[in-house]
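Asks: This is input.txt (compact mmCIF, C-alpha atoms).
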# COMPACT_ATOMS: atom_id res chain seq x y z
CA MET A 1 -79.43 -2.27 -88.07
CA LYS A 2 -76.76 0.35 -87.62
CA GLU A 3 -73.23 -0.94 -87.00
CA TYR A 4 -71.17 0.73 -84.28
CA ILE A 5 -67.42 0.53 -83.79
CA LYS A 6 -66.02 -1.58 -80.95
CA TYR A 7 -65.68 -0.39 -77.38
CA GLU A 8 -61.88 -1.00 -77.45
CA ASP A 9 -61.49 1.23 -80.50
CA VAL A 10 -63.68 3.94 -79.01
CA ILE A 11 -61.74 4.08 -75.75
CA GLU A 12 -58.40 4.31 -77.57
CA GLU A 13 -59.62 7.09 -79.85
CA GLY A 14 -61.43 8.71 -76.94
CA GLY A 15 -58.19 8.86 -74.98
CA ARG A 16 -56.39 10.46 -77.92
CA HIS A 17 -59.26 12.92 -78.40
CA GLY A 18 -59.17 13.92 -74.73
CA ARG A 19 -55.40 14.51 -74.80
CA ARG A 20 -55.75 16.49 -78.03
CA CYS A 21 -58.40 18.71 -76.45
CA ARG A 22 -56.17 19.13 -73.39
CA ARG A 23 -53.24 20.34 -75.51
CA GLN A 24 -55.50 22.74 -77.40
CA GLY A 25 -56.69 24.23 -74.12
CA ASP A 26 -60.25 22.89 -74.32
CA ALA A 27 -61.63 22.28 -70.83
CA LEU A 28 -64.87 20.44 -71.69
CA LEU A 29 -65.81 17.44 -73.79
CA GLY A 30 -69.05 17.30 -75.72
CA GLY A 31 -72.15 15.61 -74.33
CA GLU A 32 -72.90 11.91 -74.71
CA ARG A 33 -75.17 12.47 -77.71
CA GLN A 34 -72.52 14.47 -79.61
CA LEU A 35 -69.71 12.06 -78.69
CA ALA A 36 -71.84 9.13 -79.89
CA LEU A 37 -72.19 10.85 -83.27
CA ASP A 38 -68.51 11.83 -83.42
CA PHE A 39 -67.28 8.29 -82.69
CA ASN A 40 -70.07 6.36 -84.44
CA ALA A 41 -70.79 4.55 -81.17
CA SER A 42 -73.86 3.87 -79.07
CA ARG A 43 -74.53 6.07 -76.06
CA VAL A 44 -74.13 2.99 -73.84
CA THR A 45 -70.62 2.52 -75.20
CA ILE A 46 -69.83 6.23 -74.79
CA ARG A 47 -70.99 6.04 -71.18
CA LYS A 48 -68.67 3.08 -70.50
CA VAL A 49 -65.78 4.88 -72.20
CA LEU A 50 -66.32 8.03 -70.13
CA THR A 51 -66.32 5.92 -66.97
CA GLU A 52 -63.01 4.32 -67.99
CA LEU A 53 -61.44 7.67 -68.89
CA GLU A 54 -62.59 9.09 -65.57
CA ASN A 55 -61.01 6.15 -63.74
CA SER A 56 -57.78 6.74 -65.65
CA GLY A 57 -57.64 10.37 -64.47
CA LEU A 58 -58.12 12.02 -67.85
CA ILE A 59 -61.59 13.49 -67.20
CA VAL A 60 -64.07 14.13 -64.40
CA ARG A 61 -67.83 14.17 -64.90
CA GLU A 62 -69.72 16.98 -63.20
CA LYS A 63 -73.28 18.32 -63.32
CA ILE A 64 -72.33 20.95 -65.88
CA GLY A 65 -70.60 18.44 -68.17
CA THR A 66 -67.42 16.42 -68.60
CA ARG A 67 -64.27 18.33 -67.67
CA ILE A 68 -60.79 17.46 -68.95
CA LEU A 69 -58.30 17.38 -66.09
CA PRO A 70 -54.94 19.17 -66.34
CA GLU A 71 -52.13 17.11 -67.83
CA GLN A 72 -50.41 14.72 -65.48
CA ARG A 73 -47.24 12.67 -65.83
CA GLN A 74 -47.76 9.46 -67.81
CA LYS A 75 -48.08 6.32 -65.71
CA PHE A 76 -45.38 4.17 -67.30
CA ARG A 77 -42.02 4.34 -69.08
CA TYR A 78 -41.78 3.03 -72.63
CA GLY A 79 -38.66 2.07 -74.54
CA TYR A 80 -38.01 1.53 -78.25
CA VAL A 81 -35.10 -0.93 -78.38
CA ALA A 82 -33.18 -0.69 -81.66
CA THR A 83 -30.01 -2.32 -82.95
CA VAL A 84 -27.66 0.52 -83.89
CA HIS A 85 -24.07 1.46 -84.70
CA HIS A 86 -22.92 3.68 -81.84
CA ASP A 87 -20.06 5.23 -83.83
CA SER A 88 -22.20 6.40 -86.75
CA GLY A 89 -25.54 6.66 -84.95
CA SER A 90 -27.21 4.68 -87.74
CA PHE A 91 -29.70 1.87 -87.31
CA TRP A 92 -28.79 -1.61 -88.49
CA PHE A 93 -32.18 -1.82 -90.19
CA ASP A 94 -33.26 1.38 -91.92
CA PHE A 95 -36.94 0.47 -91.70
CA TYR A 96 -36.84 0.64 -87.90
CA ARG A 97 -35.18 4.05 -88.15
CA ARG A 98 -38.20 5.25 -90.14
CA VAL A 99 -40.57 3.69 -87.60
CA TRP A 100 -38.72 5.48 -84.79
CA GLN A 101 -38.87 8.83 -86.58
CA LYS A 102 -42.61 8.53 -87.09
CA LEU A 103 -43.20 7.15 -83.59
CA SER A 104 -41.25 9.90 -81.83
CA ARG A 105 -43.25 12.55 -83.70
CA LEU A 106 -46.61 10.89 -83.06
CA ALA A 107 -45.78 10.37 -79.38
CA ALA A 108 -44.85 14.03 -78.96
CA GLU A 109 -48.08 15.10 -80.66
CA SER A 110 -50.07 12.82 -78.33
CA GLY A 111 -48.33 13.98 -75.16
CA PHE A 112 -46.45 10.71 -74.57
CA GLU A 113 -42.76 10.04 -74.11
CA VAL A 114 -41.16 6.95 -75.69
CA GLU A 115 -37.41 6.62 -75.08
CA LEU A 116 -34.90 5.23 -77.58
CA PHE A 117 -32.46 2.58 -76.36
CA GLY A 118 -29.83 1.73 -78.95
CA TYR A 119 -27.88 -1.51 -78.58
CA ASP A 120 -24.69 -2.10 -80.58
CA PRO A 121 -23.56 -5.75 -80.39
CA GLU A 122 -20.18 -4.70 -81.83
CA ASP A 123 -19.48 -2.09 -79.12
CA GLN A 124 -17.14 -3.75 -76.64
CA GLU A 125 -17.39 -0.76 -74.31
CA GLU A 126 -21.04 -1.57 -73.60
CA PRO A 127 -21.52 -5.33 -73.25
CA LEU A 128 -25.01 -6.79 -73.18
CA GLU A 129 -25.20 -6.93 -69.38
CA GLN A 130 -24.41 -3.21 -69.15
CA PHE A 131 -26.95 -2.34 -71.83
CA LEU A 132 -29.68 -4.23 -69.96
CA THR A 133 -29.14 -2.04 -66.89
CA ARG A 134 -30.25 0.95 -69.00
CA LEU A 135 -33.64 -0.72 -69.30
CA ASP A 136 -34.13 -0.84 -65.53
CA GLY A 137 -37.32 1.01 -64.66
CA VAL A 138 -38.74 0.81 -68.20
CA ASP A 139 -42.20 -0.73 -67.95
CA VAL A 140 -42.83 -1.71 -71.58
CA ILE A 141 -40.28 -2.20 -74.37
CA PHE A 142 -40.68 -2.51 -78.15
CA PRO A 143 -37.62 -4.35 -79.57
CA ASP A 144 -36.78 -4.48 -83.28
CA ILE A 145 -34.91 -7.35 -84.98
CA ALA A 146 -32.12 -8.23 -82.58
CA GLN A 147 -29.37 -10.78 -82.27
CA LYS A 148 -30.24 -13.99 -80.45
CA GLU A 149 -28.30 -13.03 -77.31
CA LEU A 150 -30.31 -9.82 -76.85
CA HIS A 151 -33.64 -11.51 -77.56
CA ASP A 152 -32.85 -14.27 -75.07
CA ALA A 153 -32.00 -11.67 -72.43
CA LEU A 154 -35.18 -9.68 -73.12
CA ARG A 155 -37.28 -12.84 -72.76
CA GLU A 156 -35.98 -13.23 -69.21
CA ARG A 157 -36.41 -9.57 -68.32
CA LYS A 158 -39.26 -8.55 -66.02
CA GLY A 159 -41.70 -6.04 -67.45
CA GLY A 160 -43.91 -5.73 -70.49
CA ILE A 161 -42.69 -6.46 -74.01
CA VAL A 162 -44.33 -5.94 -77.39
CA TYR A 163 -42.42 -7.56 -80.24
CA LEU A 164 -41.95 -5.89 -83.62
CA HIS A 165 -40.62 -9.04 -85.26
CA THR A 166 -41.40 -12.76 -84.97
CA GLY A 167 -37.78 -13.75 -84.20
CA GLY A 168 -37.27 -14.71 -80.55
CA LYS A 169 -40.85 -13.86 -79.58
CA LYS A 170 -41.91 -14.92 -76.09
CA GLU A 171 -45.03 -17.07 -75.91
CA GLY A 172 -48.16 -15.03 -75.17
CA ALA A 173 -46.54 -11.64 -75.81
CA PRO A 174 -48.18 -9.09 -78.14
CA LEU A 175 -46.74 -8.84 -81.65
CA ILE A 176 -46.84 -5.99 -84.17
CA THR A 177 -45.31 -7.26 -87.40
CA LEU A 178 -45.30 -6.95 -91.15
CA ASP A 179 -47.59 -9.34 -93.02
CA ASP A 180 -44.88 -11.17 -95.00
CA ALA A 181 -47.44 -13.41 -96.68
CA GLU A 182 -49.12 -10.30 -98.09
CA VAL A 183 -45.71 -9.05 -99.30
CA GLY A 184 -45.45 -12.14 -101.52
CA ARG A 185 -49.02 -11.84 -102.77
CA LEU A 186 -48.60 -8.12 -103.46
CA ALA A 187 -45.39 -8.70 -105.44
CA ALA A 188 -47.23 -11.27 -107.56
CA ARG A 189 -50.14 -8.90 -108.22
CA LEU A 190 -47.81 -6.10 -109.29
CA LEU A 191 -45.95 -8.32 -111.75
CA LEU A 192 -49.15 -9.92 -113.05
CA ASP A 193 -50.68 -6.48 -113.60
CA ALA A 194 -47.56 -5.61 -115.61
CA GLY A 195 -48.29 -8.58 -117.87
CA CYS A 196 -45.61 -10.92 -116.50
CA ARG A 197 -46.20 -14.63 -117.08
CA ARG A 198 -42.91 -16.09 -115.92
CA ALA A 199 -41.23 -14.60 -112.85
CA ALA A 200 -38.41 -15.41 -110.46
CA ALA A 201 -38.14 -14.59 -106.74
CA VAL A 202 -34.52 -13.99 -105.73
CA SER A 203 -32.58 -12.99 -102.64
CA MET A 204 -29.24 -13.15 -100.91
CA LEU A 205 -28.62 -13.41 -97.16
CA CYS A 206 -31.58 -15.82 -97.09
CA HIS A 207 -30.65 -18.70 -94.81
CA PRO A 208 -32.75 -21.88 -94.78
CA GLY A 209 -35.50 -21.60 -92.21
CA ASN A 210 -35.81 -17.82 -92.53
CA ILE A 211 -39.53 -17.48 -91.76
CA PRO A 212 -40.25 -14.02 -93.31
CA PHE A 213 -38.48 -14.89 -96.57
CA GLY A 214 -40.17 -18.28 -96.64
CA ARG A 215 -43.61 -16.70 -96.33
CA ARG A 216 -42.84 -14.17 -99.06
CA ALA A 217 -41.62 -16.88 -101.44
CA GLU A 218 -44.44 -19.32 -100.69
CA ASN A 219 -47.23 -16.81 -101.16
CA PHE A 220 -45.57 -15.29 -104.23
CA ARG A 221 -45.49 -18.70 -105.90
CA ALA A 222 -49.06 -19.51 -104.88
CA ALA A 223 -50.46 -16.21 -106.21
CA MET A 224 -48.58 -16.53 -109.50
CA ALA A 225 -49.67 -20.15 -109.92
CA ALA A 226 -53.30 -19.23 -109.22
CA ALA A 227 -53.10 -16.85 -112.20
CA GLY A 228 -51.54 -19.54 -114.42
CA ALA A 229 -48.06 -17.99 -114.35
CA GLU A 230 -44.74 -19.80 -113.83
CA THR A 231 -42.32 -19.06 -111.00
CA GLU A 232 -38.86 -19.98 -109.82
CA VAL A 233 -37.16 -19.20 -106.49
CA TYR A 234 -33.39 -18.72 -106.29
CA THR A 235 -31.47 -17.69 -103.17
CA GLU A 236 -27.83 -17.35 -102.16
CA TYR A 237 -26.62 -17.53 -98.57
CA GLU A 238 -23.20 -19.22 -98.62
CA GLY A 239 -19.82 -17.60 -99.13
CA SER A 240 -18.90 -13.93 -98.96
CA ARG A 241 -21.28 -11.09 -99.80
CA LEU A 242 -19.32 -10.49 -103.01
CA SER A 243 -19.63 -14.11 -104.12
CA GLN A 244 -23.37 -14.07 -103.40
CA VAL A 245 -23.84 -10.86 -105.41
CA ASN A 246 -21.87 -12.26 -108.34
CA ALA A 247 -23.83 -15.53 -108.33
CA LEU A 248 -27.18 -13.72 -108.27
CA ASN A 249 -25.99 -11.31 -110.95
CA ARG A 250 -25.19 -14.23 -113.28
CA TYR A 251 -28.52 -15.87 -112.51
CA VAL A 252 -30.55 -12.72 -113.08
CA GLU A 253 -28.81 -11.92 -116.36
CA SER A 254 -29.68 -15.41 -117.63
CA LEU A 255 -33.41 -15.01 -116.96
CA PRO A 256 -34.43 -13.07 -120.14
CA GLU A 257 -32.81 -15.73 -122.32
CA ARG A 258 -34.92 -18.34 -120.52
CA GLY A 259 -38.15 -16.45 -121.14
CA PHE A 260 -38.55 -14.79 -117.74
CA ASP A 261 -40.17 -11.36 -117.82
CA GLY A 262 -40.47 -10.54 -114.10
CA ILE A 263 -38.25 -10.57 -111.00
CA PHE A 264 -39.20 -10.18 -107.34
CA PHE A 265 -36.30 -9.23 -105.07
CA MET A 266 -37.47 -10.61 -101.70
CA SER A 267 -35.16 -8.06 -100.08
CA ASP A 268 -33.39 -5.22 -101.85
CA GLU A 269 -29.86 -5.62 -100.44
CA TYR A 270 -27.48 -5.15 -103.40
CA CYS A 271 -30.35 -5.28 -105.89
CA ASP A 272 -28.68 -2.42 -107.79
CA LEU A 273 -25.58 -4.53 -108.39
CA ILE A 274 -27.47 -7.76 -109.02
CA ALA A 275 -29.70 -6.18 -111.69
CA SER A 276 -27.03 -3.86 -113.14
CA GLY A 277 -26.68 -5.88 -116.36
CA LEU A 278 -30.41 -5.69 -117.08
CA PHE A 279 -30.40 -1.91 -116.69
CA GLN A 280 -27.28 -1.50 -118.82
CA ALA A 281 -28.87 -3.61 -121.57
CA GLY A 282 -32.00 -1.43 -121.49
CA MET A 283 -34.27 -4.37 -120.62
CA VAL A 284 -36.01 -2.70 -117.65
CA PRO A 285 -38.97 -2.36 -117.68
CA GLU A 286 -40.00 -3.19 -121.26
CA LYS A 287 -38.63 -6.74 -121.34
CA VAL A 288 -38.20 -7.44 -117.64
CA SER A 289 -40.28 -5.91 -114.83
CA LEU A 290 -38.77 -5.61 -111.35
CA VAL A 291 -40.31 -5.42 -107.87
CA ALA A 292 -38.23 -5.24 -104.69
CA PHE A 293 -38.99 -5.45 -100.99
CA ASP A 294 -37.56 -2.51 -99.05
CA GLY A 295 -35.01 -4.16 -96.78
CA SER A 296 -32.24 -1.57 -97.01
CA SER A 297 -33.65 1.41 -98.96
CA THR A 298 -31.41 0.47 -101.91
CA ALA A 299 -34.34 -0.02 -104.29
CA ARG A 300 -35.90 3.41 -103.69
CA ALA A 301 -32.53 5.16 -103.93
CA HIS A 302 -31.69 3.54 -107.27
CA HIS A 303 -31.99 5.52 -110.52
CA PRO A 304 -34.49 4.78 -111.85
CA PRO A 305 -36.15 3.77 -108.57
CA PHE A 306 -37.44 0.21 -108.29
CA THR A 307 -41.12 -0.35 -107.71
CA THR A 308 -40.80 -1.09 -104.00
CA ILE A 309 -42.94 -2.87 -101.43
CA GLY A 310 -42.55 -1.14 -98.06
CA HIS A 311 -43.02 -2.21 -94.45
CA GLY A 312 -45.82 0.21 -93.66
CA SER A 313 -43.68 2.16 -91.19
CA SER A 314 -46.38 4.77 -90.49
CA ARG A 315 -48.90 2.09 -89.64
CA MET A 316 -46.44 0.31 -87.35
CA ALA A 317 -45.69 3.56 -85.50
CA GLU A 318 -49.43 4.11 -85.05
CA GLU A 319 -49.84 0.58 -83.67
CA ILE A 320 -47.02 1.11 -81.16
CA LEU A 321 -48.65 4.32 -80.00
CA ARG A 322 -51.96 2.47 -79.76
CA MET A 323 -50.32 0.02 -77.35
CA VAL A 324 -48.95 2.92 -75.30
CA ASN A 325 -52.42 4.43 -75.15
CA ARG A 326 -53.87 1.07 -74.02
CA CYS A 327 -51.35 0.87 -71.18
CA GLU A 328 -52.19 4.39 -70.05
CA THR A 329 -55.97 4.07 -70.19
CA LEU A 330 -57.00 0.42 -69.72
CA PRO A 331 -56.98 -1.72 -66.57
CA ALA A 332 -53.97 -4.03 -66.13
CA LYS A 333 -55.71 -7.17 -67.44
CA ASP A 334 -56.52 -5.48 -70.77
CA ARG A 335 -53.20 -3.75 -71.51
CA LEU A 336 -50.79 -6.25 -73.06
CA VAL A 337 -53.10 -8.97 -74.30
CA PRO A 338 -51.54 -11.70 -76.50
CA GLU A 339 -52.70 -10.32 -79.84
CA ILE A 340 -51.02 -10.16 -83.23
CA ARG A 341 -51.40 -6.97 -85.26
CA MET A 342 -50.41 -7.55 -88.88
CA ILE A 343 -49.11 -4.52 -90.78
CA THR A 344 -50.20 -4.32 -94.41
CA PRO A 345 -47.28 -3.48 -96.74
CA ASP A 346 -47.41 -0.34 -98.88
CA VAL A 347 -46.07 0.36 -102.36
CA TYR A 348 -43.69 2.99 -103.70
CA PRO A 349 -44.49 3.15 -107.46
CA GLY A 350 -40.96 3.50 -108.84
CA ARG A 351 -40.32 3.00 -112.58
CA THR A 352 -39.48 -0.67 -113.05
CA LEU A 353 -42.86 -2.10 -113.98
CA ARG A 354 -43.87 -2.45 -117.62
CA LYS A 355 -47.12 -0.73 -118.51
CA PRO A 356 -49.46 -3.36 -119.99
Show me, as structure tokens, the structure contained in the file I just sent.
Replies:
Amino acid sequence: MKEYIKYEDVIEEGGRHGRRCRRQGDALLGGERQLALDFNASRVTIRKVLTELENSGLIVREKIGTRILPEQRQKFRYGYVATVHHDSGSFWFDFYRRVWQKLSRLAAESGFEVELFGYDPEDQEEPLEQFLTRLDGVDVIFPDIAQKELHDALRERKGGIVYLHTGGKKEGAPLITLDDAEVGRLAARLLLDAGCRRAAAVSMLCHPGNIPFGRRAENFRAAMAAAGAETEVYTEYEGSRLSQVNALNRYVESLPERGFDGIFFMSDEYCDLIASGLFQAGMVPEKVSLVAFDGSSTARAHHPPFTTIGHGSSRMAEEILRMVNRCETLPAKDRLVPEIRMITPDVYPGRTLRKP
């Protein structure tokens, strides 16, 4: 029996296809038979999709065929809420800057507008209450990692919200987030494939109860143990940044003497300084293989670049745009359903893994 793709997927792709044809100046869609082949869907599903797209105002079905209507203003306003430094214009979290870059380009290509709202908790000239007034009239927001005060305020705000991080999430709200469990498993596979049999997971700025770091560490240990390898987890979170870096540097430099041949940096903040002794001693990657999670872009910028596990920023941008498309094309009850979309991490090869 032939398998067809789901109705929800067809209507989302159908909406994108219709807007693409509109921008290219095409006035007509193909017939039901051709669309069924193009979308790998049944003709019954295609008929339902065309009805929904007609109700949304994208197309009109006539005797001569299905006509694409001229472009109209989008129904809702969408806001990407990012934590930024107003003075420098930089994002607090570089990953969300990359998501925004990809999202703004994809939105423009699809004929949508998503606005950027930058909040700087250190800017005394724009307190939280004043920032929130800028969100008046925005129908759906997509906030990144934010301080507790902002998340609490957003929870009380009227309007749609799609979270991009588990912290402060409102019950029943949609969530698009990185699969941190898969980050840990992926780090283990990379080190195991490099021949590592004894590896440590390390990080600074990792406070007890940090859910993403906990999932990375837990699944890293489980995957290594399943392969018969030994692991150790060491984190620093007390004292100044300098004292944390120095403590981790001493710990990391002691690992080769203790028989460790792999290290997983659960986030790459200051990984260049922490691992500096290993690089200076020429131990990387022949004696010690390194994998880092891309928390600050430090690992990729290092020379040589670390093998780096990324957030999947392109995929997250696509998922945000998918939610925008749902809001524009689906009835109200189907727009912001309480679903969780897990983003699979990607890998930047780098040069810090030993070749087995």
Asks: Using all atoms listed in the file, which residue out of A:Ala226, A:Ile145, A:Ala36, A:Val291 lies closest to Tyr96 of chain A?
Replies: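 Between A:Ala226, A:Ile145, A:Ala36, A:Val291, the residue approaching Tyr96 of chain A most closely is A:Ile145.
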Asks: With distances taken over all atoms listed in the file, which residue among A:Ser296, A:Arg322, A:Thr308, A:Ala200 lies nearest Arg98 of chain A?
Replies: A:Ser296
Asks: Counting all atoms listed in the file, which residues of segment 262-354 of chain A fall within 10 Å of segment 248-251 of chain A, and what is the closest atom pair for each with its distance in Å at one decimal, ordered by chain and rising number, as JSON lines?
Replies:
{"residue": "A:Tyr270", "atom": "CA", "partner": "A:Asn249", "partner_atom": "CA", "distance": 9.9}
{"residue": "A:Cys271", "atom": "CA", "partner": "A:Asn249", "partner_atom": "CA", "distance": 9.0}
{"residue": "A:Asp272", "atom": "CA", "partner": "A:Asn249", "partner_atom": "CA", "distance": 9.8}
{"residue": "A:Leu273", "atom": "CA", "partner": "A:Asn249", "partner_atom": "CA", "distance": 7.3}
{"residue": "A:Ile274", "atom": "CA", "partner": "A:Asn249", "partner_atom": "CA", "distance": 4.3}
{"residue": "A:Ala275", "atom": "CA", "partner": "A:Asn249", "partner_atom": "CA", "distance": 6.4}
{"residue": "A:Ser276", "atom": "CA", "partner": "A:Asn249", "partner_atom": "CA", "distance": 7.8}
{"residue": "A:Gly277", "atom": "CA", "partner": "A:Asn249", "partner_atom": "CA", "distance": 7.7}
{"residue": "A:Leu278", "atom": "CA", "partner": "A:Asn249", "partner_atom": "CA", "distance": 9.4}
Asks: To one decimal place in Å, what is the distance between atom CA of Asp193 of chain A and atom CA of His302 of chain A?
Replies: 22.4 Å
Asks: Looking at A:Lys170, A:Arg221, A:Arg67, A:Arg134, which one is nearest to Gly30 of chain A, with distances taken over only C-alpha atoms?
Replies: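 Counting only C-alpha atoms, the residue closest to Gly30 of chain A is A:Arg67.
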Asks: Please determine, counting all atoms listed in the file, which residue among A:Arg258, A:His207, A:Arg198, A:Lys169 has the shortest atom-to-atom distance to Glu238 of chain A.
Replies: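 Ranking A:Arg258, A:His207, A:Arg198, A:Lys169 by distance to Glu238 of chain A, first place goes to A:His207.
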Asks: If you count only C-alpha atoms, which residues fall within 9 Å of segment 337-345 of chain A, apart from same-chain ones fewer than 2 positions away, as a PyMOL selection string?
Replies: chain A and resi 171-180+182-183+186+309-313+315-316+319+333-335+347
Asks: Using only C-alpha atoms, please write the residues we just selected to a file, as a compact mmCIF listing (two decimals), in the coordinates of the input.
Replies:
# COMPACT_ATOMS: atom_id res chain seq x y z
CA GLU A 171 -45.03 -17.07 -75.91
CA GLY A 172 -48.16 -15.03 -75.17
CA ALA A 173 -46.54 -11.64 -75.81
CA PRO A 174 -48.18 -9.09 -78.14
CA LEU A 175 -46.74 -8.84 -81.65
CA ILE A 176 -46.84 -5.99 -84.17
CA THR A 177 -45.31 -7.26 -87.40
CA LEU A 178 -45.30 -6.95 -91.15
CA ASP A 179 -47.59 -9.34 -93.02
CA ASP A 180 -44.88 -11.17 -95.00
CA GLU A 182 -49.12 -10.30 -98.09
CA VAL A 183 -45.71 -9.05 -99.30
CA LEU A 186 -48.60 -8.12 -103.46
CA ILE A 309 -42.94 -2.87 -101.43
CA GLY A 310 -42.55 -1.14 -98.06
CA HIS A 311 -43.02 -2.21 -94.45
CA GLY A 312 -45.82 0.21 -93.66
CA SER A 313 -43.68 2.16 -91.19
CA ARG A 315 -48.90 2.09 -89.64
CA MET A 316 -46.44 0.31 -87.35
CA GLU A 319 -49.84 0.58 -83.67
CA LYS A 333 -55.71 -7.17 -67.44
CA ASP A 334 -56.52 -5.48 -70.77
CA ARG A 335 -53.20 -3.75 -71.51
CA VAL A 347 -46.07 0.36 -102.36
Asks: Using only C-alpha atoms, can you list as a PyMOL selection string the residues within 12 Å of (-49.7, -6.1, -116.9)?
Replies: chain A and resi 188-197+261-262+285-289+353-356
Asks: Which residue gives the smallest distance to Tyr119 of chain A among A:Phe93, A:Phe142, A:Glu318, A:Leu150, with only C-alpha atoms counted?
Replies: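 For Tyr119 of chain A, the nearest of the given residues is A:Leu150.
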Asks: Please return, as an NGL selection string, all polymer residues that have at least one atom within 12 Å of the point (-35.9, -24.9, -102.1); use only C-alpha atoms and the file's own coordinate frame.
Replies: :A and (201-202 or 206-210 or 213-214 or 217-218 or 232-236)
Asks: Kindly indicate which residue among A:Val81, A:Val138, A:Leu50, A:Ala107 lies nearest to His151 of chain A, using all atoms listed in the file for the distances.
Replies: A:Val81
Asks: Rounded to one decimal in Å, what is the spacing between atom CA of Asp268 of chain A and atom CA of Phe293 of chain A?
Replies: 5.7 Å
Asks: Compile the contact shell of Val10 of chain A as a PyMOL selection string: residues with an atom at most 10 Å away, counting all atoms listed in the file, same-chain residues fewer than 5 positions apart removed.
Replies: chain A and resi 4-5+15-16+36+39-41+45-46+48-49
Asks: Atom CA of Glu109 of chain A to atom CA of Tyr7 of chain A: how many Å, to one decimal?
Replies: 23.7 Å
Asks: Can you report as JSON the centre and edge lengths in Å, to one decimal, of an axis-aligned box around the listed atoms of segment 74-83 of chain A padded with 5 Å on each side?
Replies:
{"center_x": -39.0, "center_y": 3.6, "center_z": -74.3, "size_x": 28.1, "size_y": 21.8, "size_z": 27.2}
